[in-house]
>>> print(open('start-v6.cif').read())   # mmCIF, C-alpha atoms
data_start
loop_
_atom_site.label_atom_id
_atom_site.label_comp_id
_atom_site.auth_asym_id
_atom_site.auth_seq_id
_atom_site.Cartn_x
_atom_site.Cartn_y
_atom_site.Cartn_z
CA MET A 639 61.15 117.90 -57.58
CA ASN A 640 59.32 118.64 -54.40
CA GLU A 641 61.48 121.68 -53.73
CA GLN A 642 60.77 122.95 -57.19
CA LEU A 643 57.05 122.49 -56.75
CA LYS A 644 57.22 124.37 -53.49
CA ALA A 645 58.96 127.23 -55.24
CA ILE A 646 56.33 127.31 -57.97
CA LEU A 647 53.55 127.46 -55.38
CA GLU A 648 55.36 130.28 -53.64
CA ALA A 649 55.54 132.22 -56.88
CA LEU A 650 51.85 131.65 -57.63
CA ILE A 651 50.74 132.84 -54.22
CA PHE A 652 53.08 135.80 -54.39
CA ILE A 653 51.68 137.06 -57.65
CA SER A 654 48.01 136.58 -56.77
CA GLN A 655 46.05 139.67 -55.86
CA GLU A 656 43.30 137.65 -54.20
CA PRO A 657 43.72 134.57 -52.00
CA LEU A 658 44.79 131.75 -54.29
CA THR A 659 42.43 128.80 -54.00
CA LEU A 660 43.45 125.18 -54.14
CA ASN A 661 41.21 124.74 -57.18
CA LYS A 662 43.06 127.45 -58.99
CA ILE A 663 46.38 125.85 -58.10
CA LYS A 664 45.15 122.51 -59.42
CA GLU A 665 44.08 124.18 -62.63
CA VAL A 666 47.50 125.71 -63.13
CA LEU A 667 49.43 122.61 -62.11
CA GLU A 668 47.09 120.05 -63.60
CA GLU A 669 49.91 117.64 -64.38
CA VAL A 670 50.89 117.32 -60.72
CA PRO A 671 49.04 114.74 -58.59
CA GLU A 672 46.97 116.27 -55.81
CA ASP A 673 48.73 114.61 -52.89
CA GLU A 674 52.04 115.94 -54.12
CA LEU A 675 50.54 119.42 -54.30
CA GLN A 676 49.20 119.11 -50.79
CA ALA A 677 52.54 117.97 -49.44
CA ALA A 678 54.36 120.83 -51.14
CA LEU A 679 51.81 123.33 -49.86
CA GLU A 680 52.16 122.10 -46.32
CA ALA A 681 55.92 122.26 -46.57
CA LEU A 682 55.67 125.82 -47.82
CA LEU A 683 53.37 126.82 -44.96
CA ALA A 684 55.76 125.27 -42.48
CA ASP A 685 58.69 127.15 -44.01
CA TYR A 686 56.93 130.44 -43.63
CA ALA A 687 55.78 129.76 -40.10
CA ALA A 688 59.40 130.05 -38.96
CA ASP A 689 60.16 132.91 -36.60
CA SER A 690 62.89 134.31 -38.77
CA ARG A 691 60.41 135.25 -41.47
CA GLY A 692 58.66 138.59 -41.86
CA ILE A 693 56.06 137.15 -44.16
CA GLN A 694 53.67 134.29 -43.62
CA VAL A 695 51.20 132.36 -45.70
CA ILE A 696 47.70 132.32 -44.27
CA GLN A 697 44.47 130.72 -45.38
CA SER A 698 41.80 133.30 -45.96
CA ALA A 699 38.51 133.27 -47.87
CA GLY A 700 39.25 129.76 -49.06
CA GLY A 701 42.66 130.53 -50.51
CA TYR A 702 46.31 131.10 -49.69
CA LEU A 703 47.71 134.55 -49.20
CA PHE A 704 50.90 136.27 -48.12
CA THR A 705 50.61 138.63 -45.19
CA THR A 706 53.03 140.30 -42.85
CA LYS A 707 53.07 139.38 -39.18
CA PRO A 708 51.16 141.38 -36.58
CA GLU A 709 54.32 142.21 -34.65
CA HIS A 710 55.72 144.15 -37.60
CA ASP A 711 52.74 146.44 -37.94
CA GLN A 712 54.45 149.50 -36.49
CA TRP A 713 57.36 149.36 -38.98
CA ILE A 714 55.07 149.00 -41.93
CA ARG A 715 52.98 151.92 -40.82
CA ARG A 716 56.13 153.95 -40.50
CA LEU A 717 57.13 153.05 -44.03
CA LEU A 718 53.74 153.81 -45.54
CA GLN A 719 53.24 156.81 -43.27
CA ILE A 720 49.90 155.58 -42.08
CA GLU A 721 48.91 156.50 -38.55
CA LYS A 722 46.25 153.92 -38.11
CA LYS A 723 44.01 151.81 -40.23
CA THR A 724 40.38 152.72 -39.93
CA LYS A 725 38.04 150.23 -38.33
CA LEU A 726 34.40 149.75 -39.11
CA SER A 727 32.01 151.91 -37.11
CA SER A 728 30.08 150.00 -34.47
CA ALA A 729 26.84 150.58 -36.35
CA ALA A 730 28.36 149.13 -39.50
CA LEU A 731 29.84 146.19 -37.62
CA GLU A 732 26.49 145.49 -35.97
CA THR A 733 24.75 145.49 -39.34
CA LEU A 734 27.45 143.32 -40.85
CA SER A 735 27.32 140.70 -38.14
CA ILE A 736 23.54 140.46 -38.45
CA ILE A 737 23.92 139.88 -42.17
CA ALA A 738 26.67 137.32 -41.55
CA TYR A 739 24.48 135.24 -39.26
CA HIS A 740 21.11 135.72 -40.93
CA GLN A 741 21.93 135.82 -44.61
CA PRO A 742 20.19 136.12 -46.98
CA ILE A 743 18.44 139.02 -45.32
CA THR A 744 16.60 142.24 -46.23
CA GLN A 745 17.08 145.76 -44.95
CA ALA A 746 13.79 145.66 -43.01
CA GLU A 747 14.78 142.44 -41.27
CA ILE A 748 18.14 143.87 -40.27
CA SER A 749 16.56 147.06 -38.98
CA ALA A 750 14.05 145.03 -36.96
CA ILE A 751 16.82 143.16 -35.15
CA ARG A 752 18.83 146.30 -34.50
CA GLY A 753 15.83 148.46 -33.63
CA VAL A 754 17.43 151.10 -35.81
CA ASP A 755 17.12 152.01 -39.46
CA SER A 756 20.08 150.46 -41.27
CA THR A 757 19.83 151.94 -44.76
CA TYR A 758 22.89 154.12 -44.37
CA CYS A 759 25.00 151.32 -42.90
CA LEU A 760 24.11 149.07 -45.80
CA LYS A 761 25.27 151.74 -48.20
CA THR A 762 28.62 152.01 -46.45
CA LEU A 763 29.07 148.24 -46.38
CA LEU A 764 28.21 147.96 -50.06
CA GLN A 765 30.76 150.65 -50.83
CA LYS A 766 33.37 148.75 -48.89
CA LYS A 767 32.33 145.65 -50.83
CA LEU A 768 31.88 143.71 -47.59
CA ILE A 769 28.34 142.78 -48.59
CA LYS A 770 26.60 142.23 -51.89
CA ILE A 771 23.07 142.32 -53.22
CA VAL A 772 22.06 138.86 -54.33
CA GLY A 773 18.55 139.52 -55.59
CA ARG A 774 15.10 140.45 -54.43
CA LYS A 775 12.81 138.72 -52.00
CA LYS A 776 9.43 137.56 -53.22
CA ALA A 777 7.59 139.62 -50.63
CA PRO A 778 5.60 142.86 -50.73
CA GLY A 779 7.77 145.57 -52.25
CA ASN A 780 10.30 143.03 -53.53
CA PRO A 781 13.01 144.20 -51.12
CA LEU A 782 16.68 143.68 -51.94
CA VAL A 783 18.40 140.72 -50.33
CA TYR A 784 21.92 141.00 -48.94
CA ARG A 785 24.74 138.58 -48.32
CA THR A 786 28.32 138.90 -47.14
CA SER A 787 30.99 138.90 -49.83
CA GLU A 788 34.35 137.20 -50.34
CA ARG A 789 35.96 140.35 -49.14
CA PHE A 790 34.07 140.01 -45.87
CA LEU A 791 35.84 136.71 -45.24
CA GLN A 792 39.18 138.23 -46.15
CA TYR A 793 38.58 141.28 -44.01
CA PHE A 794 38.07 139.20 -40.88
CA GLY A 795 40.57 136.53 -41.84
CA LEU A 796 37.93 133.84 -42.08
CA ASN A 797 38.41 130.90 -44.37
CA SER A 798 34.69 130.39 -44.88
CA LEU A 799 31.41 131.30 -43.19
CA GLU A 800 31.86 128.15 -41.12
CA ASP A 801 34.65 129.99 -39.32
CA LEU A 802 32.29 132.58 -37.88
CA PRO A 803 32.07 132.41 -34.09
CA ARG A 804 29.53 129.70 -33.36
CA GLU A 805 26.25 130.03 -31.52
CA GLU A 806 27.59 127.94 -28.65
CA GLU A 807 30.62 130.15 -28.36
CA ILE A 808 28.38 133.21 -28.14
CA ALA A 809 26.08 131.53 -25.63
CA LYS A 810 29.08 130.65 -23.49
CA ILE A 811 30.30 134.24 -23.44
CA LEU A 812 26.82 135.46 -22.51
CA GLU A 813 26.69 132.93 -19.69
CA GLU A 814 30.05 134.11 -18.38
CA GLU A 815 28.93 137.73 -18.53
CA LYS A 816 25.80 136.86 -16.64
CA GLN A 817 27.84 135.18 -13.97
CA ALA A 818 30.16 138.15 -13.74
CA ILE A 819 27.25 140.51 -13.20
CA SER A 820 25.38 138.59 -10.52
CA MET B 1075 4.20 143.56 -9.64
CA GLU B 1076 3.43 144.97 -6.27
CA GLN B 1077 7.01 144.48 -5.37
CA GLU B 1078 8.03 146.40 -8.38
CA ILE B 1079 6.06 149.45 -7.38
CA GLN B 1080 7.38 149.35 -3.86
CA GLU B 1081 10.89 149.23 -5.09
CA LEU B 1082 10.60 152.40 -7.07
CA PRO B 1083 11.03 155.13 -4.48
CA GLU B 1084 14.32 153.84 -3.18
CA SER B 1085 15.89 152.90 -6.48
CA GLN B 1086 14.94 156.05 -8.29
CA VAL B 1087 15.63 159.07 -6.17
CA LEU B 1088 16.35 161.32 -9.08
CA THR B 1089 15.17 164.84 -9.34
CA PRO B 1090 13.65 165.48 -12.72
CA GLY B 1091 16.12 166.81 -15.26
CA SER B 1092 19.10 165.87 -13.17
CA PRO B 1093 21.97 165.26 -15.56
CA VAL B 1094 23.72 162.78 -13.35
CA SER B 1095 22.25 159.40 -12.55
CA ASN B 1096 22.29 157.93 -9.08
CA ASP B 1097 25.54 156.08 -9.50
CA GLY B 1098 27.29 159.29 -10.29
CA TYR B 1099 28.22 159.12 -13.94
CA GLN B 1100 26.51 160.46 -16.93
CA VAL B 1101 25.95 158.57 -20.12
CA ARG B 1102 24.61 160.38 -23.09
CA LEU B 1103 22.07 158.99 -25.47
CA GLU B 1104 24.37 159.50 -28.45
CA ILE B 1105 26.71 156.74 -27.40
CA PHE B 1106 24.05 154.08 -27.82
CA GLU B 1107 23.72 152.46 -31.20
CA GLY B 1108 19.99 152.23 -30.72
CA PRO B 1109 17.14 151.75 -28.27
CA LEU B 1110 17.94 148.09 -27.66
CA ASP B 1111 21.50 148.99 -26.85
CA LEU B 1112 20.27 151.46 -24.25
CA LEU B 1113 17.81 148.93 -22.80
CA LEU B 1114 20.50 146.28 -22.48
CA PHE B 1115 22.76 148.79 -20.80
CA LEU B 1116 20.08 149.66 -18.23
CA ILE B 1117 19.29 146.02 -17.60
CA ARG B 1118 22.95 145.23 -16.96
CA LYS B 1119 23.46 148.26 -14.81
CA LYS B 1120 20.59 147.22 -12.57
CA LYS B 1121 21.67 143.57 -12.65
CA ILE B 1122 18.26 142.57 -13.82
CA ASP B 1123 17.43 139.11 -15.12
CA ILE B 1124 16.55 139.55 -18.74
CA HIS B 1125 13.78 136.94 -18.45
CA ASP B 1126 12.11 138.81 -15.61
CA ILE B 1127 12.32 142.50 -16.34
CA PRO B 1128 10.57 144.87 -13.94
CA ILE B 1129 8.96 146.89 -16.69
CA ALA B 1130 8.02 149.92 -14.56
CA VAL B 1131 11.57 150.42 -13.30
CA ILE B 1132 13.15 149.95 -16.68
CA THR B 1133 10.62 152.21 -18.39
CA ARG B 1134 11.29 154.96 -15.93
CA ASP B 1135 15.07 154.70 -16.38
CA TYR B 1136 14.66 154.53 -20.09
CA LEU B 1137 12.44 157.58 -20.32
CA GLU B 1138 14.80 159.44 -18.08
CA TYR B 1139 17.50 159.04 -20.72
CA LEU B 1140 15.20 160.34 -23.39
CA GLU B 1141 14.23 163.33 -21.26
CA ARG B 1142 17.80 164.43 -20.99
CA LYS B 1143 17.58 165.49 -24.55
CA GLU B 1144 16.16 168.95 -24.85
CA GLN B 1145 14.93 168.37 -28.30
CA ILE B 1146 13.94 165.14 -29.89
CA ASN B 1147 15.55 164.68 -33.23
CA LEU B 1148 12.93 162.60 -34.95
CA ASP B 1149 15.32 161.11 -37.46
CA ARG B 1150 17.36 159.51 -34.78
CA GLU B 1151 15.24 159.35 -31.70
CA ALA B 1152 12.03 158.09 -33.28
CA GLU B 1153 13.37 154.59 -32.82
CA PHE B 1154 13.97 155.25 -29.15
CA LEU B 1155 10.42 156.51 -28.80
CA LEU B 1156 9.10 153.43 -30.51
CA ILE B 1157 10.64 151.18 -27.89
CA ALA B 1158 9.39 153.51 -25.16
CA ALA B 1159 5.89 153.02 -26.54
CA LEU B 1160 6.43 149.27 -26.55
CA LEU B 1161 7.51 149.34 -22.90
CA ILE B 1162 4.44 151.27 -21.90
CA TYR B 1163 2.23 148.99 -23.93
CA ILE B 1164 3.70 145.95 -22.20
CA LYS B 1165 3.14 147.54 -18.81
CA SER B 1166 -0.48 148.26 -19.67
CA GLN B 1167 -0.96 144.67 -20.77
CA MET B 1168 0.43 143.47 -17.49
CA LEU B 1169 -1.87 145.70 -15.49
CA LEU B 1170 -5.00 144.54 -17.23
CA PRO B 1171 -6.76 141.73 -15.39
CA ARG B 1172 -6.92 138.48 -17.34
CA GLU B 1173 -10.07 136.54 -17.69
CA GLN B 1174 -8.59 133.13 -17.93
CA GLU B 1175 -5.82 131.68 -15.87
CA ALA B 1176 -4.43 129.99 -18.93
CA LEU B 1177 -3.76 133.26 -20.66
CA GLN B 1178 -1.48 134.38 -17.91
CA ALA B 1179 1.00 131.88 -19.15
CA ASP B 1180 1.96 134.06 -22.04
CA ASP B 1181 3.85 136.96 -20.69
CA PRO B 1182 3.41 140.24 -22.58
CA ARG B 1183 7.09 140.83 -21.97
CA GLN B 1184 8.02 137.94 -24.21
CA ILE B 1185 8.27 140.01 -27.42
CA LEU B 1186 10.73 142.33 -25.76
CA VAL B 1187 12.72 139.52 -24.19
CA ASP B 1188 13.07 137.75 -27.53
CA ARG B 1189 14.34 140.88 -29.19
CA LEU B 1190 16.76 141.61 -26.38
CA LEU B 1191 18.13 138.07 -26.40
CA GLU B 1192 18.67 138.24 -30.14
CA PHE B 1193 20.28 141.64 -29.86
CA GLN B 1194 22.52 140.44 -27.07
CA LYS B 1195 23.82 137.72 -29.35
CA VAL B 1196 24.52 140.29 -32.03
CA LYS B 1197 26.52 142.36 -29.56
CA VAL B 1198 28.68 139.40 -28.62
CA ALA B 1199 29.18 138.45 -32.26
CA CYS B 1200 30.22 142.05 -32.86
CA SER B 1201 32.85 142.00 -30.17
CA LEU B 1202 34.25 138.71 -31.48
CA LEU B 1203 34.36 140.05 -35.02
CA ARG B 1204 35.95 143.24 -33.75
CA GLU B 1205 38.80 141.19 -32.27
CA LYS B 1206 39.29 139.46 -35.58
CA GLU B 1207 39.21 142.77 -37.39
CA GLU B 1208 41.84 144.25 -35.11
CA ASP B 1209 44.05 141.23 -35.59
CA GLN B 1210 43.68 141.31 -39.35
CA LEU B 1211 44.44 145.01 -39.54
CA LEU B 1212 47.88 144.21 -38.14
CA ARG B 1213 48.55 141.73 -40.94
CA TRP B 1214 49.30 143.65 -44.07
CA LYS B 1215 48.50 142.23 -47.44
CA ARG B 1216 50.03 143.18 -50.72
CA THR B 1217 46.63 144.19 -52.01
CA PHE B 1218 46.40 146.91 -49.43
CA LEU B 1219 49.22 148.94 -50.92
CA PRO B 1220 47.78 151.88 -52.80
CA PRO B 1221 48.07 151.00 -56.47
CA VAL B 1222 49.66 153.44 -58.87
CA ALA B 1223 46.79 155.37 -60.34
CA ARG B 1224 46.07 154.71 -63.97
CA PRO B 1225 43.31 156.35 -65.95
CA GLU B 1226 41.80 153.00 -66.88
CA GLU B 1227 41.04 152.25 -63.29
CA ALA B 1228 37.34 151.93 -62.81
CA GLU B 1229 37.24 152.74 -59.13
CA LEU B 1230 38.35 156.31 -59.59
CA LEU B 1231 35.51 158.74 -59.83
CA GLU B 1232 35.48 161.22 -62.59
CA VAL B 1233 34.98 164.62 -61.07
CA SER B 1234 32.09 166.83 -61.92
CA LEU B 1235 32.43 170.49 -62.69
CA TYR B 1236 31.09 171.11 -59.23
CA ASP B 1237 33.97 169.23 -57.62
CA LEU B 1238 36.38 171.15 -59.77
CA ALA B 1239 34.84 174.43 -58.70
CA GLU B 1240 35.05 173.42 -55.06
CA THR B 1241 38.72 172.57 -55.40
CA PHE B 1242 39.20 175.83 -57.20
CA PHE B 1243 37.92 177.85 -54.27
CA LEU B 1244 40.11 175.85 -51.97
CA LEU B 1245 43.12 176.69 -54.10
CA MET B 1246 42.13 180.31 -54.34
CA LYS B 1247 42.06 180.65 -50.61
CA LYS B 1248 45.48 179.09 -50.39
CA ARG B 1249 46.96 181.38 -53.00
CA GLU B 1250 45.34 184.42 -51.50
CA ARG B 1251 47.26 183.83 -48.35
CA GLU B 1252 50.55 183.20 -50.08
CA ASN B 1253 50.60 185.68 -52.85
CA LEU B 1254 49.75 189.10 -51.62
CA GLN B 1255 52.72 190.96 -52.98
CA VAL B 1256 52.74 189.81 -56.58
CA ILE B 1257 51.44 192.37 -59.02
CA ARG B 1258 52.85 191.89 -62.44
CA GLY B 1259 51.60 192.75 -65.85
CA LYS B 1260 51.86 189.58 -67.82
CA ASP B 1261 49.03 188.66 -70.07
CA VAL B 1262 48.25 185.02 -70.29
CA SER B 1263 45.72 183.88 -72.78
CA VAL B 1264 43.57 180.85 -72.28
CA GLU B 1265 44.68 179.44 -75.59
CA GLU B 1266 48.36 179.69 -74.81
CA LYS B 1267 47.89 178.19 -71.41
CA MET B 1268 45.82 175.41 -72.83
CA LYS B 1269 48.56 174.56 -75.31
CA GLU B 1270 51.04 174.60 -72.49
CA MET B 1271 48.91 172.23 -70.41
CA VAL B 1272 48.34 169.85 -73.29
CA GLY B 1273 52.06 169.88 -73.94
CA TYR B 1274 52.72 169.17 -70.31
CA LEU B 1275 50.27 166.28 -70.38
CA LYS B 1276 51.77 164.86 -73.53
CA SER B 1277 55.29 164.91 -72.18
CA ARG B 1278 54.48 163.63 -68.70
CA GLY B 1279 51.41 161.53 -69.23
CA SER B 1280 49.46 162.96 -66.34
CA MET B 1281 49.25 166.04 -64.21
CA ASP B 1282 48.75 166.67 -60.55
CA PHE B 1283 46.56 169.70 -60.91
CA LEU B 1284 47.02 170.97 -57.39
CA GLU B 1285 50.74 170.97 -57.85
CA TYR B 1286 50.47 172.57 -61.25
CA PHE B 1287 48.20 175.26 -59.94
CA SER B 1288 50.50 176.10 -57.07
CA SER B 1289 53.52 176.22 -59.33
CA GLN B 1290 52.06 179.01 -61.43
CA GLU B 1291 53.95 182.24 -61.10
CA THR B 1292 51.05 184.58 -60.64
CA LEU B 1293 47.55 184.32 -59.40
CA GLU B 1294 46.37 185.31 -62.82
CA GLU B 1295 48.18 182.46 -64.47
CA ALA B 1296 46.88 180.06 -61.90
CA LEU B 1297 43.37 181.28 -62.57
CA VAL B 1298 43.79 180.92 -66.28
CA SER B 1299 45.13 177.40 -65.83
CA PHE B 1300 42.00 176.52 -63.95
CA PHE B 1301 39.79 177.93 -66.70
CA CYS B 1302 41.81 175.90 -69.15
CA LEU B 1303 41.18 172.76 -67.18
CA LEU B 1304 37.45 173.44 -67.22
CA GLU B 1305 37.61 174.12 -70.91
CA LEU B 1306 39.57 170.95 -71.59
CA VAL B 1307 37.16 168.86 -69.53
CA LYS B 1308 34.22 170.42 -71.27
CA ASN B 1309 35.62 169.61 -74.68
CA HIS B 1310 36.40 166.03 -73.67
CA LEU B 1311 40.08 166.49 -74.33
CA VAL B 1312 41.14 165.41 -70.86
CA VAL B 1313 39.91 163.23 -68.05
CA ALA B 1314 40.03 164.71 -64.59
CA VAL B 1315 39.90 162.32 -61.68
CA GLN B 1316 39.83 162.84 -57.96
CA GLU B 1317 40.28 159.88 -55.68
CA GLN B 1318 38.75 161.56 -52.70
CA LEU B 1319 37.21 164.87 -51.95
CA PHE B 1320 39.80 167.57 -51.21
CA GLN B 1321 42.53 165.45 -52.64
CA THR B 1322 44.37 166.49 -55.71
CA ILE B 1323 42.83 166.22 -59.13
CA ARG B 1324 44.70 164.11 -61.63
CA VAL B 1325 44.44 164.96 -65.27
CA TRP B 1326 45.06 162.78 -68.29
CA LEU B 1327 44.70 163.34 -71.99
CA ARG B 1328 41.73 161.51 -73.39
CA ARG B 1329 42.49 159.12 -76.22
CA PRO B 1330 40.96 160.89 -79.17
CA ARG B 1331 38.24 158.82 -80.75
CA THR B 1332 36.10 161.45 -82.33
CA GLN B 1333 37.87 164.73 -82.70
CA PRO B 1334 36.03 167.41 -80.73
CA HIS B 1335 35.52 170.73 -82.46
CA GLY B 1336 38.23 173.30 -82.85
CA HIS B 1337 41.06 172.42 -80.55
CA SER B 1338 43.47 170.24 -82.34
CA HIS B 1339 45.96 168.83 -79.95
CA GLU B 1340 47.67 166.49 -82.30
#
>>> encode(input="start-v6.cif", output="structure tokens")
Amino acid sequence: MNEQLKAILEALIFISQEPLTLNKIKEVLEEVPEDELQAALEALLADYAADSRGIQVIQSAGGYLFTTKPEHDQWIRRLLQIEKKTKLSSAALETLSIIAYHQPITQAEISAIRGVDSTYCLKTLLQKKLIKIVGRKKAPGNPLVYRTSERFLQYFGLNSLEDLPREEEIAKILEEEKQAIS
Amino acid sequence: MEQEIQELPESQVLTPGSPVSNDGYQVRLEIFEGPLDLLLFLIRKKKIDIHDIPIAVITRDYLEYLERKEQINLDREAEFLLIAALLIYIKSQMLLPREQEALQADDPRQILVDRLLEFQKVKVACSLLREKEEDQLLRWKRTFLPPVARPEEAELLEVSLYDLAETFFLLMKKRERENLQVIRGKDVSVEEKMKEMVGYLKSRGSMDFLEYFSSQETLEEALVSFFCLLELVKNHLVVAVQEQLFQTIRVWLRRPRTQPHGHSHE
């Protein structure tokens, strides 16, 4: 029974375009008790963690997802004939990380932190669907308010916003840098 | 502050307009994401404590970077100038005598320090996120694979006549180079060609226009095929879609809802 459940979960994750959430799994397999589901899921994850596998199951944006392993990148690129995947520009990344830590936030607030106008960056990030407009602020001019999207979490392999590097972590790095300089 | 002024001559022995700074390497303004980025760079380079910035020194260094530019591009450098103005303002505040002792407690530099501290955090967050990005880019997901293009797909942009024209000139240039020797008297009418294209679309479902264009025997025929495409688009008989500029244009037959005038393609 357990083996069968594991196989079903595998199929569900395989066919999902977006990370498959536990809630969704429960919906589909409503007749199965939750602890059984959990056990099967964990068994599946353990199976895929084995070295002999080229595919693994990761948790991303609150769901389960198949990915390849980093060490196989070069073969995949050869197959797909892709030289390199493009990264975000540093301006875009800067804007994105400000949004991630200060959301919900307006364009003017972002620009104030960066000291640079960020309109263009916001456009790029919206196009890439890494951020979304969630409404307008009740302030003069009713500026648009931005938040990061699900795809943002997926893009950086975060399970939720809680997974963002923490303030303390950042403070620690700054402290180390300071020590290195002086 | 006195100290600060005394320090200047020895730390800044730069001749005006010198492209190389005193530690021997040149950094251009363009590489900085913004004025705060440049300020942080200068502060680190001089090993200055961010909570106790010698404003005069930093301002001089900062302005020196701006002066390297022969022309100020207001779109981009206005933000750099703004921070320069802030630096000078802070310096002026510091020079002014204070009436009350108590007031000296609030340092005019505080606004700048707060912004720099915040910005510094952003920079660190950026580098951490960059690591995560790089790691994730090595893990391929099934969703990344380019999906087979279907006309229903919303993300594809329908091309405007302008895009078509641009592609046309691109193709023309290509053909011009290839096809110098071909002079043949074969009349191709737009109508015939159009029928041929519709037939092609019906039998194959879609058309890679770039390929089609290049496969035409003569330049004339290729030209006519392009006119046909324009005509077909204009009459809403086909959908033309280009995923990215300069990429090929894909053409599909439009499902006929209301029959446009004249051209029956049934």
>>> resolve_selection(input="start-v6.cif", expression="the PyMOL selection byres ((chain A) within 6 of (chain B))", output="list in words")
Gln655, Thr705, Thr706, Lys707, Pro708, Asp711, Glu732, Val754 and Phe794 of chain A
>>> residues_around(input="start-v6.cif", residues="Ala746 of chain A", least_positions_apart="2", cutoff="9 Å", atoms="all atoms listed in the file", output="ChimeraX atom specification")
/A:743-744,748-751,755-757,781
>>> closest_residue(input="start-v6.cif", among="B:Arg1142, B:Arg1324, B:Lys1267, B:Lys1308", to="Ala1296 of chain B", atoms="only C-alpha atoms")
B:Lys1267
>>> closest_residue(input="start-v6.cif", among="A:Gln741, A:Lys766, A:Asn797, A:Ala678", to="Arg785 of chain A", atoms="all atoms listed in the file")
A:Gln741
>>> atom_distance(input="start-v6.cif", atom1="atom CA of Asp1126 of chain B", atom2="atom CA of Ile1105 of chain B")
26.0 Å
>>> resolve_selection(input="start-v6.cif", expression="the PyMOL selection byres ((chain A and resi 679) around 12)", output="PDB file with C-alpha atoms, in the frame of the given file")
ATOM      1  CA  ASN A 640      59.320 118.640 -54.400  1.00  0.00           C
ATOM      2  CA  GLU A 641      61.480 121.680 -53.730  1.00  0.00           C
ATOM      3  CA  GLN A 642      60.770 122.950 -57.190  1.00  0.00           C
ATOM      4  CA  LEU A 643      57.050 122.490 -56.750  1.00  0.00           C
ATOM      5  CA  LYS A 644      57.220 124.370 -53.490  1.00  0.00           C
ATOM      6  CA  ALA A 645      58.960 127.230 -55.240  1.00  0.00           C
ATOM      7  CA  ILE A 646      56.330 127.310 -57.970  1.00  0.00           C
ATOM      8  CA  LEU A 647      53.550 127.460 -55.380  1.00  0.00           C
ATOM      9  CA  GLU A 648      55.360 130.280 -53.640  1.00  0.00           C
ATOM     10  CA  ALA A 649      55.540 132.220 -56.880  1.00  0.00           C
ATOM     11  CA  LEU A 650      51.850 131.650 -57.630  1.00  0.00           C
ATOM     12  CA  ILE A 651      50.740 132.840 -54.220  1.00  0.00           C
ATOM     13  CA  LEU A 658      44.790 131.750 -54.290  1.00  0.00           C
ATOM     14  CA  THR A 659      42.430 128.800 -54.000  1.00  0.00           C
ATOM     15  CA  LEU A 660      43.450 125.180 -54.140  1.00  0.00           C
ATOM     16  CA  ILE A 663      46.380 125.850 -58.100  1.00  0.00           C
ATOM     17  CA  LYS A 664      45.150 122.510 -59.420  1.00  0.00           C
ATOM     18  CA  GLU A 672      46.970 116.270 -55.810  1.00  0.00           C
ATOM     19  CA  ASP A 673      48.730 114.610 -52.890  1.00  0.00           C
ATOM     20  CA  GLU A 674      52.040 115.940 -54.120  1.00  0.00           C
ATOM     21  CA  LEU A 675      50.540 119.420 -54.300  1.00  0.00           C
ATOM     22  CA  GLN A 676      49.200 119.110 -50.790  1.00  0.00           C
ATOM     23  CA  ALA A 677      52.540 117.970 -49.440  1.00  0.00           C
ATOM     24  CA  ALA A 678      54.360 120.830 -51.140  1.00  0.00           C
ATOM     25  CA  GLU A 680      52.160 122.100 -46.320  1.00  0.00           C
ATOM     26  CA  ALA A 681      55.920 122.260 -46.570  1.00  0.00           C
ATOM     27  CA  LEU A 682      55.670 125.820 -47.820  1.00  0.00           C
ATOM     28  CA  LEU A 683      53.370 126.820 -44.960  1.00  0.00           C
ATOM     29  CA  ALA A 684      55.760 125.270 -42.480  1.00  0.00           C
ATOM     30  CA  ASP A 685      58.690 127.150 -44.010  1.00  0.00           C
ATOM     31  CA  TYR A 686      56.930 130.440 -43.630  1.00  0.00           C
ATOM     32  CA  VAL A 695      51.200 132.360 -45.700  1.00  0.00           C
ATOM     33  CA  ILE A 696      47.700 132.320 -44.270  1.00  0.00           C
ATOM     34  CA  GLN A 697      44.470 130.720 -45.380  1.00  0.00           C
ATOM     35  CA  GLY A 701      42.660 130.530 -50.510  1.00  0.00           C
ATOM     36  CA  TYR A 702      46.310 131.100 -49.690  1.00  0.00           C
ATOM     37  CA  LEU A 703      47.710 134.550 -49.200  1.00  0.00           C
TER      38      LEU A 703
END
>>> residues_around(input="start-v6.cif", residues="Thr786 of chain A", least_positions_apart="2", cutoff="10 Å", atoms="all atoms listed in the file", output="list in words")
Leu734, Ser735, Ile737, Ala738, Tyr739, Gln741, Pro742, Leu763, Leu764, Lys767, Leu768, Ile769, Lys770, Ile771, Val772, Tyr784, Glu788, Arg789, Phe790, Leu791 and Leu799 of chain A
>>> atom_distance(input="start-v6.cif", atom1="atom CA of Ala818 of chain A", atom2="atom CA of Phe1115 of chain B")
14.8 Å
>>> atom_distance(input="start-v6.cif", atom1="atom CA of Arg1328 of chain B", atom2="atom CA of Leu1311 of chain B")
5.3 Å
>>> resolve_selection(input="start-v6.cif", expression="the PyMOL selection byres ((chain B and resi 1129) around 9)", output="PyMOL selection string")
chain B and resi 1078+1126-1128+1130-1134+1161-1162+1164-1165+1183
>>> residues_around(input="start-v6.cif", residues="Ser698 of chain A", least_positions_apart="4", cutoff="6 Å", atoms="only C-alpha atoms", output="ChimeraX atom specification")
/A:792,795-797
>>> closest_residue(input="start-v6.cif", among="A:Leu782, A:Ile720, A:Ala729, A:Leu667", to="Glu747 of chain A", atoms="only C-alpha atoms")
A:Leu782
